[in-house]
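Shown here: input31.csv, CSV, C-alpha atoms and all ligand atoms.
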chain,number,residue,atom,x,y,z
A,1,MET,CA,0.0,0.0,0.0
A,2,PRO,CA,1.5,3.4,-1.0
A,3,THR,CA,2.3,5.4,2.1
A,4,SER,CA,4.1,8.3,0.4
A,5,LYS,CA,3.2,11.8,1.5
A,6,LYS,CA,1.2,12.4,-1.6
A,7,SER,CA,-1.1,9.4,-1.0
A,8,GLU,CA,-1.9,10.7,2.5
A,9,GLY,CA,-2.9,14.0,1.1
A,10,GLY,CA,0.4,15.8,1.3
A,11,ASP,CA,1.1,18.3,4.1
A,12,SER,CA,-2.4,19.7,4.4
A,13,TRP,CA,-4.3,18.7,7.4
A,14,TYR,CA,-7.9,19.7,6.4
A,15,LEU,CA,-10.3,18.1,4.1
A,16,SER,CA,-11.3,21.5,2.5
A,17,ASP,CA,-7.6,22.2,1.7
A,18,ILE,CA,-6.9,18.8,0.3
A,19,SER,CA,-10.1,18.5,-1.7
A,20,PRO,CA,-11.6,22.0,-2.4
A,21,SER,CA,-14.7,20.3,-3.9
A,22,ASP,CA,-15.4,18.8,-0.5
A,23,LYS,CA,-15.6,22.2,1.2
A,24,PRO,CA,-19.4,22.2,1.6
A,25,TRP,CA,-18.9,19.4,4.2
A,26,ASP,CA,-17.5,21.9,6.8
A,27,LEU,CA,-20.5,24.3,6.3
A,28,HIS,CA,-23.2,21.6,6.5
A,29,ARG,CA,-21.6,19.8,9.4
A,30,ALA,CA,-21.3,23.0,11.3
A,31,GLN,CA,-25.0,23.6,10.7
A,32,SER,CA,-25.7,20.1,12.0
A,33,ASP,CA,-24.0,21.1,15.3
A,34,GLU,CA,-26.3,24.1,15.5
A,35,ILE,CA,-29.5,22.0,14.9
A,36,GLN,CA,-28.3,19.5,17.4
A,37,LYS,CA,-28.1,22.2,20.0
A,38,LEU,CA,-31.5,23.5,19.2
A,39,TYR,CA,-33.0,20.0,19.5
A,40,ASP,CA,-31.4,19.8,22.9
A,41,LEU,CA,-33.1,23.0,23.8
A,42,CYS,CA,-36.5,21.7,22.6
A,43,GLY,CA,-36.4,19.2,25.5
A,44,GLY,CA,-38.4,16.0,25.6
A,45,ASP,CA,-37.3,12.5,24.8
A,46,GLY,CA,-38.0,12.6,21.0
A,47,TYR,CA,-36.0,15.7,20.5
A,48,ALA,CA,-33.1,14.5,22.7
A,49,ARG,CA,-32.9,11.4,20.5
A,50,TYR,CA,-32.7,13.5,17.4
A,51,ALA,CA,-29.9,15.6,19.0
A,52,GLU,CA,-28.0,12.4,19.9
A,53,ARG,CA,-28.3,11.0,16.4
A,54,ILE,CA,-27.3,14.3,14.7
A,55,ARG,CA,-24.3,14.5,17.0
A,56,GLU,CA,-23.0,11.2,15.7
A,57,CYS,CA,-23.9,12.0,12.0
A,58,SER,CA,-20.9,11.9,9.7
A,59,GLU,CA,-18.4,12.3,12.5
A,60,TRP,CA,-15.8,10.8,10.2
A,61,LEU,CA,-15.5,10.4,6.5
A,62,THR,CA,-13.2,7.8,4.8
A,63,TYR,CA,-12.1,8.5,1.3
A,64,ALA,CA,-10.2,6.5,-1.2
A,65,LEU,CA,-7.3,8.3,-2.7
A,66,GLN,CA,-7.0,8.3,-6.5
A,67,ALA,CA,-4.4,9.9,-8.6
A,68,LYS,CA,-5.8,11.9,-11.5
A,69,ASP,CA,-4.1,11.9,-14.9
A,70,ASP,CA,-2.6,15.3,-14.1
A,71,GLY,CA,-1.1,13.9,-10.9
A,72,GLU,CA,-3.5,15.7,-8.7
A,73,LEU,CA,-5.2,13.8,-5.9
A,74,ASN,CA,-8.9,12.8,-6.2
A,75,LEU,CA,-10.9,11.8,-3.2
A,76,ARG,CA,-13.8,9.4,-3.4
A,77,LEU,CA,-16.0,9.0,-0.3
A,78,ARG,CA,-16.1,5.4,0.7
A,79,GLU,CA,-17.4,5.3,4.3
A,80,ALA,CA,-19.5,7.6,6.5
A,81,ARG,CA,-22.4,7.1,8.8
A,82,PHE,CA,-25.4,9.3,8.4
A,83,CYS,CA,-28.1,10.0,11.0
A,84,ARG,CA,-30.9,10.3,8.5
A,85,VAL,CA,-32.8,12.7,10.7
A,86,ARG,CA,-35.0,14.6,8.3
A,87,HIS,CA,-33.8,18.1,9.2
A,88,CYS,CA,-30.2,17.3,9.7
A,89,PRO,CA,-28.4,19.7,7.5
A,90,VAL,CA,-25.7,17.2,6.3
A,91,CYS,CA,-28.3,14.5,5.5
A,92,GLN,CA,-30.7,16.9,3.7
A,93,TRP,CA,-27.8,18.2,1.7
A,94,ARG,CA,-26.7,14.7,0.7
A,95,ARG,CA,-30.3,13.8,-0.1
A,96,GLN,CA,-30.6,16.9,-2.3
A,97,GLN,CA,-27.4,16.0,-4.2
A,98,MET,CA,-28.7,12.5,-4.6
A,99,TRP,CA,-32.0,13.6,-6.1
A,100,ARG,CA,-30.4,16.0,-8.5
A,101,ALA,CA,-28.0,13.3,-9.7
A,102,ARG,CA,-30.9,10.9,-10.1
A,103,PHE,CA,-32.7,13.4,-12.3
A,104,PHE,CA,-29.7,14.1,-14.5
A,105,LYS,CA,-29.0,10.4,-14.8
A,106,ALA,CA,-32.5,9.8,-16.0
A,107,LEU,CA,-32.8,12.9,-18.2
A,108,PRO,CA,-31.2,11.5,-21.4
A,109,GLN,CA,-33.6,8.5,-21.3
A,110,VAL,CA,-36.6,10.9,-20.8
A,111,GLN,CA,-35.4,13.0,-23.8
A,112,GLU,CA,-34.9,9.9,-25.9
A,113,LYS,CA,-38.4,8.8,-25.2
A,114,TYR,CA,-40.0,12.3,-25.5
A,115,PRO,CA,-37.6,14.1,-27.8
A,116,THR,CA,-40.0,17.1,-28.5
A,117,ALA,CA,-41.5,17.4,-25.0
A,118,ARG,CA,-40.9,20.6,-23.1
A,119,TRP,CA,-40.4,21.4,-19.4
A,120,VAL,CA,-42.6,23.8,-17.5
A,121,PHE,CA,-41.9,25.0,-13.9
A,122,LEU,CA,-44.9,25.7,-11.8
A,123,THR,CA,-45.0,27.1,-8.2
A,124,LEU,CA,-48.2,26.8,-6.3
A,125,THR,CA,-48.8,28.6,-3.0
A,126,VAL,CA,-51.5,29.2,-0.5
A,127,ARG,CA,-51.8,31.9,2.2
A,128,ASN,CA,-49.4,31.6,5.1
A,129,CYS,CA,-50.7,29.5,8.0
A,130,GLU,CA,-49.9,29.1,11.6
A,131,LEU,CA,-47.1,26.6,12.1
A,132,SER,CA,-49.5,24.5,14.2
A,133,GLU,CA,-51.8,24.2,11.1
A,134,LEU,CA,-49.0,23.2,8.7
A,135,ARG,CA,-49.8,19.5,8.6
A,136,ALA,CA,-53.5,20.1,7.9
A,137,THR,CA,-52.6,22.7,5.3
A,138,LEU,CA,-50.3,20.3,3.4
A,139,THR,CA,-53.0,17.6,3.5
A,140,TRP,CA,-55.4,20.1,1.9
A,141,MET,CA,-52.8,21.2,-0.7
A,142,ASN,CA,-51.9,17.6,-1.6
A,143,ALA,CA,-55.6,16.7,-2.0
A,144,ALA,CA,-56.0,19.8,-4.3
A,145,TRP,CA,-52.9,18.8,-6.3
A,146,LYS,CA,-54.3,15.3,-6.8
A,147,LYS,CA,-57.6,16.8,-8.0
A,148,LEU,CA,-55.6,19.1,-10.4
A,149,THR,CA,-53.7,16.2,-12.0
A,150,GLU,CA,-56.9,14.3,-12.5
A,151,ARG,CA,-58.7,17.2,-14.3
A,152,LYS,CA,-59.1,16.7,-18.0
A,153,VAL,CA,-57.4,20.0,-18.7
A,154,PHE,CA,-54.2,19.0,-16.8
A,155,PRO,CA,-51.7,19.0,-19.6
A,156,ALA,CA,-48.6,17.4,-18.2
A,157,LEU,CA,-47.3,13.9,-19.2
A,158,GLY,CA,-45.4,13.6,-16.0
A,159,PHE,CA,-44.2,15.7,-13.0
A,160,ILE,CA,-41.9,15.9,-10.1
A,161,LYS,CA,-43.4,17.8,-7.2
A,162,SER,CA,-41.6,19.0,-4.0
A,163,VAL,CA,-42.8,20.7,-0.9
A,164,GLU,CA,-41.0,23.7,0.4
A,165,VAL,CA,-41.8,25.5,3.7
A,166,THR,CA,-40.4,28.9,4.5
A,167,ARG,CA,-40.6,30.8,7.7
A,168,ALA,CA,-42.1,34.3,7.7
A,169,VAL,CA,-40.7,37.0,10.0
A,170,ASN,CA,-43.8,36.7,12.2
A,171,GLY,CA,-43.2,32.9,12.6
A,172,THR,CA,-46.1,31.8,10.3
A,173,ALA,CA,-45.3,29.1,7.7
A,174,HIS,CA,-45.4,29.6,4.0
A,175,PRO,CA,-45.9,26.1,2.4
A,176,HIS,CA,-45.7,25.9,-1.4
A,177,PHE,CA,-45.2,23.3,-4.1
A,178,HIS,CA,-42.6,23.3,-6.8
A,179,CYS,CA,-43.6,21.3,-9.8
A,180,LEU,CA,-41.5,20.4,-12.8
A,181,MET,CA,-43.8,19.2,-15.5
A,182,LEU,CA,-43.1,17.5,-18.8
A,183,MET,CA,-45.4,18.9,-21.4
A,184,PRO,CA,-46.4,17.2,-24.7
A,185,ALA,CA,-44.9,18.4,-28.0
A,186,GLY,CA,-46.6,21.5,-29.2
A,187,TYR,CA,-48.1,22.4,-25.8
A,188,PHE,CA,-47.4,26.1,-26.1
A,189,SER,CA,-49.4,26.5,-29.3
A,190,SER,CA,-52.0,23.9,-28.5
A,191,GLN,CA,-55.5,24.2,-27.0
A,192,LYS,CA,-54.1,22.5,-23.9
A,193,TYR,CA,-52.0,25.6,-23.2
A,194,ILE,CA,-52.8,27.1,-19.8
A,195,THR,CA,-52.0,30.8,-19.1
A,196,GLN,CA,-50.7,31.9,-15.7
A,197,ALA,CA,-54.1,33.4,-14.8
A,198,ASN,CA,-55.8,30.1,-15.7
A,199,TRP,CA,-53.4,28.1,-13.6
A,200,GLY,CA,-54.4,30.4,-10.7
A,201,THR,CA,-58.1,29.8,-11.3
A,202,LEU,CA,-57.6,26.1,-11.6
A,203,TRP,CA,-55.5,25.9,-8.4
A,204,GLN,CA,-58.1,28.0,-6.6
A,205,SER,CA,-60.9,25.8,-7.8
A,206,CYS,CA,-59.1,22.6,-6.7
A,207,LEU,CA,-58.4,24.1,-3.3
A,208,LYS,CA,-62.0,25.4,-3.0
A,209,ALA,CA,-60.4,28.6,-1.7
A,210,ASP,CA,-62.3,31.8,-1.4
A,211,TYR,CA,-59.2,33.8,-2.7
A,212,THR,CA,-56.9,33.5,-5.7
A,213,PRO,CA,-53.7,32.0,-4.5
A,214,MET,CA,-50.4,33.2,-5.9
A,215,ILE,CA,-48.9,31.0,-8.5
A,216,ARG,CA,-46.0,31.3,-10.9
A,217,VAL,CA,-45.5,29.4,-14.1
A,218,GLN,CA,-42.4,29.5,-16.4
A,219,ALA,CA,-41.4,27.6,-19.5
A,220,VAL,CA,-38.0,26.2,-19.0
A,221,LYS,CA,-36.3,27.9,-21.9
A,222,PRO,CA,-33.1,26.7,-23.3
A,223,LYS,CA,-30.4,29.3,-22.8
A,224,LYS,CA,-29.2,31.1,-25.9
A,225,GLY,CA,-26.6,29.1,-27.7
A,226,THR,CA,-27.3,25.9,-25.7
A,227,LEU,CA,-30.1,24.8,-27.9
A,228,ASN,CA,-28.8,21.8,-29.9
A,229,ALA,CA,-29.6,20.7,-33.4
A,230,THR,CA,-32.7,18.7,-32.4
A,231,GLY,CA,-34.1,21.5,-30.3
A,232,ASP,CA,-33.7,19.6,-27.1
A,233,THR,CA,-33.6,21.5,-23.9
A,234,SER,CA,-30.0,21.3,-22.8
A,235,LYS,CA,-28.9,20.1,-19.4
A,236,ASP,CA,-27.7,23.6,-18.6
A,237,ALA,CA,-31.1,25.2,-19.3
A,238,ILE,CA,-33.0,22.8,-17.1
A,239,ALA,CA,-30.5,22.8,-14.3
A,240,HIS,CA,-31.9,25.9,-12.6
A,241,ALA,CA,-35.5,24.5,-12.6
A,242,VAL,CA,-34.3,21.2,-11.3
A,243,CYS,CA,-32.3,22.9,-8.5
A,244,GLU,CA,-35.4,24.9,-7.5
A,245,THR,CA,-37.5,21.7,-7.4
A,246,LEU,CA,-35.1,19.2,-5.9
A,247,LYS,CA,-33.9,21.2,-2.9
A,248,TYR,CA,-34.3,21.3,0.9
A,249,SER,CA,-37.9,21.4,2.0
A,250,VAL,CA,-36.9,23.8,4.7
A,251,LYS,CA,-33.7,25.9,4.3
A,252,PRO,CA,-31.1,25.7,7.1
A,253,GLU,CA,-31.4,29.4,8.0
A,254,ASP,CA,-35.1,28.9,8.7
A,255,LEU,CA,-34.5,25.7,10.7
A,256,LEU,CA,-31.9,27.6,12.8
A,257,ALA,CA,-34.1,30.7,13.5
A,258,ASP,CA,-35.8,29.5,16.7
A,259,PRO,CA,-35.8,26.2,18.6
A,260,GLU,CA,-39.5,26.3,19.3
A,261,TRP,CA,-40.2,26.7,15.6
A,262,LEU,CA,-37.9,23.8,14.8
A,263,GLY,CA,-39.6,21.6,17.4
A,264,GLU,CA,-43.1,22.3,16.1
A,265,LEU,CA,-42.0,22.1,12.4
A,266,THR,CA,-40.5,18.7,13.1
A,267,LYS,CA,-43.8,17.5,14.6
A,268,GLN,CA,-45.8,18.9,11.8
A,269,LEU,CA,-43.7,17.4,9.0
A,270,GLN,CA,-43.2,14.0,10.5
A,271,LYS,CA,-43.8,11.2,8.0
A,272,THR,CA,-44.9,13.7,5.3
A,273,ARG,CA,-43.5,13.2,1.8
A,274,SER,CA,-41.3,15.9,0.4
A,275,ILE,CA,-40.9,14.7,-3.2
A,276,SER,CA,-43.4,12.9,-5.4
A,277,ILE,CA,-43.2,11.8,-8.9
A,278,GLY,CA,-46.1,11.2,-11.2
A,279,GLY,CA,-47.2,10.3,-14.7
A,280,CYS,CA,-44.7,9.1,-17.3
A,281,LEU,CA,-41.7,10.1,-15.1
A,282,LYS,CA,-42.5,7.2,-12.7
A,283,GLU,CA,-40.9,4.9,-15.3
A,284,PHE,CA,-37.6,6.7,-14.9
A,285,PHE,CA,-37.2,7.1,-11.1
A,286,SER,CA,-39.1,6.4,-7.9
A,287,GLU,CA,-39.4,8.3,-4.7
A,288,ASP,CA,-39.2,5.0,-2.9
A,289,GLU,CA,-35.7,3.9,-4.0
A,290,PRO,CA,-33.4,3.4,-1.0
A,291,GLU,CA,-31.3,6.5,-0.3
A,292,ASP,CA,-27.6,6.2,-1.0
A,293,LEU,CA,-26.1,9.2,0.7
A,294,ILE,CA,-22.5,8.1,0.1
A,295,ASN,CA,-22.5,7.7,-3.7
A,296,GLY,CA,-25.7,9.6,-4.3
A,297,ASP,CA,-24.1,12.5,-6.2
A,298,ILE,CA,-21.6,10.6,-8.3
A,299,GLU,CA,-21.4,7.6,-10.6
A,300,GLU,CA,-20.4,4.6,-8.6
A,301,ASP,CA,-16.9,3.5,-9.5
A,302,GLU,CA,-15.0,0.3,-9.3
A,303,LYS,CA,-13.1,-0.2,-6.1
A,304,THR,CA,-9.6,-1.3,-6.8
A,305,GLU,CA,-7.8,-4.0,-4.8
A,306,ASP,CA,-5.0,-1.9,-3.3
A,307,GLU,CA,-6.9,1.3,-2.6
A,308,SER,CA,-5.3,3.8,-0.3
A,309,TYR,CA,-7.6,5.5,2.3
A,310,LEU,CA,-7.7,8.6,4.3
A,311,THR,CA,-10.1,9.3,7.2
A,312,PHE,CA,-11.2,12.8,8.2
A,313,GLU,CA,-12.7,13.5,11.6
A,314,TRP,CA,-15.1,16.3,12.4
A,315,SER,CA,-13.8,18.8,14.9
A,316,ASN,CA,-16.7,20.8,16.5
A,317,GLN,CA,-14.0,23.1,18.0
A,318,ILE,CA,-12.6,24.4,14.8
A,319,LYS,CA,-15.6,23.4,12.6
A,320,ARG,CA,-13.5,21.6,10.0
A,321,TYR,CA,-12.9,18.1,9.0
A,322,GLN,CA,-9.3,17.2,9.8
A,323,LYS,CA,-7.1,14.2,8.9
A,324,SER,CA,-7.1,11.4,11.5
A,325,ILE,CA,-4.1,9.1,11.1
A,326,GLU,CA,-5.4,7.0,13.9
A,327,LYS,CA,-8.8,6.5,12.4
A,328,THR,CA,-7.3,5.9,8.9
A,329,ALA,CA,-5.2,3.1,10.4
A,330,ARG,CA,-8.2,1.6,12.2
A,331,PHE,CA,-10.2,1.6,8.9
A,332,ARG,CA,-7.4,-0.2,7.2
A,333,THR,CA,-7.2,-2.9,9.9
A,334,PHE,CA,-11.0,-3.2,9.6
A,335,LEU,CA,-10.7,-3.8,5.9
A,336,ASP,CA,-7.9,-6.4,6.3
A,337,LYS,CA,-10.0,-8.5,8.5
B,401,ZN,ZN,-27.4,13.6,9.5
Rewritten as structure tokens:
Amino acid sequence: MPTSKKSEGGDSWYLSDISPSDKPWDLHRAQSDEIQKLYDLCGGDGYARYAERIRECSEWLTYALQAKDDGELNLRLREARFCRVRHCPVCQWRRQQMWRARFFKALPQVQEKYPTARWVFLTLTVRNCELSELRATLTWMNAAWKKLTERKVFPALGFIKSVEVTRAVNGTAHPHFHCLMLMPAGYFSSQKYITQANWGTLWQSCLKADYTPMIRVQAVKPKKGTLNATGDTSKDAIAHAVCETLKYSVKPEDLLADPEWLGELTKQLQKTRSISIGGCLKEFFSEDEPEDLINGDIEEDEKTEDESYLTFEWSNQIKRYQKSIEKTARFRTFLDK
């Protein structure tokens, strides 16, 4: 096994120095420390258990070291333990990366089967609600969405829908849906075309609301110069809409604003679904696939026989992942068994 300085990551001590693309780990893991403290403040058995699990989340990361063609070092994550608590910032970041990767992996197949279809990005909202009413509000919105997709006029062939909840300054919750819909060829010039105003009326009628809720609809337009010969929407053009759809259901800043809010939010969102897939897109991916938080954002690669490893340990003092020679050695012994 190579033990040269280079294979151990050189003289640098920190993950973010050795592998700049792994920098986000420090940020997200530091946020997990903060969420853990807030769950401790929430009191009660359930929250204490969440705090305990988050404390142990991704405490260490073991990477395989690979030399790139240009001699630079490439790190591939091989081992880590995730707490899988819904609002753990590390776990929700890994989950988000995994979902985006799944989408982009499936996209060429979708485009092959529906070469002239177009993507439309729809945001559906309702008025803010008290946080204690969030669960009931989401049930109401989901029932309305189901009705909408069953209406004859619903034009999409398939969709990915996600739930986002933001926190208003006064502490109320603003739940909304992001829907990325695949529309049939010719949708924009067909009778099936729905204007923004009509999406609003439709959404109101499915909600049976006595007000017109705010909605926003946008065609996912290929960026200038990225439209290829067949007129396909390029990966670049759709990336923005995908990132808007497949993201955290609650952003870390809102989770960190107030322990009481976090506690109630956790209760309200328990066992609710954040992403659902419908119509023709179900064929390409499922919301029920097991979550791979280690390889989620990259193509799985072949492990080579004589891989060299390096383990980094989280330091909640300095808020950085740092090299752990002792843990690296322990990991190697574990592999040799
Ligand atoms: Zn976690």
Could you name the residues that touch segment 178-193 of chain A at 7 Å or less, counting all atoms listed in the file, but leaving out those on the same chain fewer than 5 positions away, as a PyMOL selection string?
-> chain A and resi 116-124+153+155-163+245
Within 6 Å of ligand ZN 401 (chain B), counting all atoms listed in the file, residues as a PyMOL selection string | chain A and resi 54+57+82-85+88+90-91
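Residue nearest His87 of chain A within the list A:Asp254, A:Glu150, A:Glu244, A:Glu260: A:Asp254 [criterion: smallest interatomic distance, all atoms listed in the file].
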Skip Trp314 of chain A itself and residues of its chain fewer than 2 positions away, then list as number ranges by chain all residues within 10 Å of it, counting all atoms listed in the file.
-> A: 14-15, 25-26, 29-30, 56-61, 312, 316-324
Atom pair atom CA of Ala51 of chain A + atom CA of Lys37 of chain A, distance 6.9 Å
Distance query segment 129-134 of chain A at most 12 Å, only C-alpha atoms, self and fewer than 6 positions along chain excluded, as JSON, numbers by chain | {"A": [140, 141, 163, 164, 165, 166, 167, 168, 170, 171, 172, 173, 174, 175, 176, 260, 261, 262, 263, 264, 265, 266, 267, 268, 269, 270, 272]}
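Atom CA of Tyr47 of chain A sits 19.9 Å away from atom CA of His28 of chain A.
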Pick out the closest residue to Leu138 of chain A from this set: A:Lys282, A:Asp258, A:Phe177, A:Glu112. Count all atoms listed in the file.
-> A:Phe177
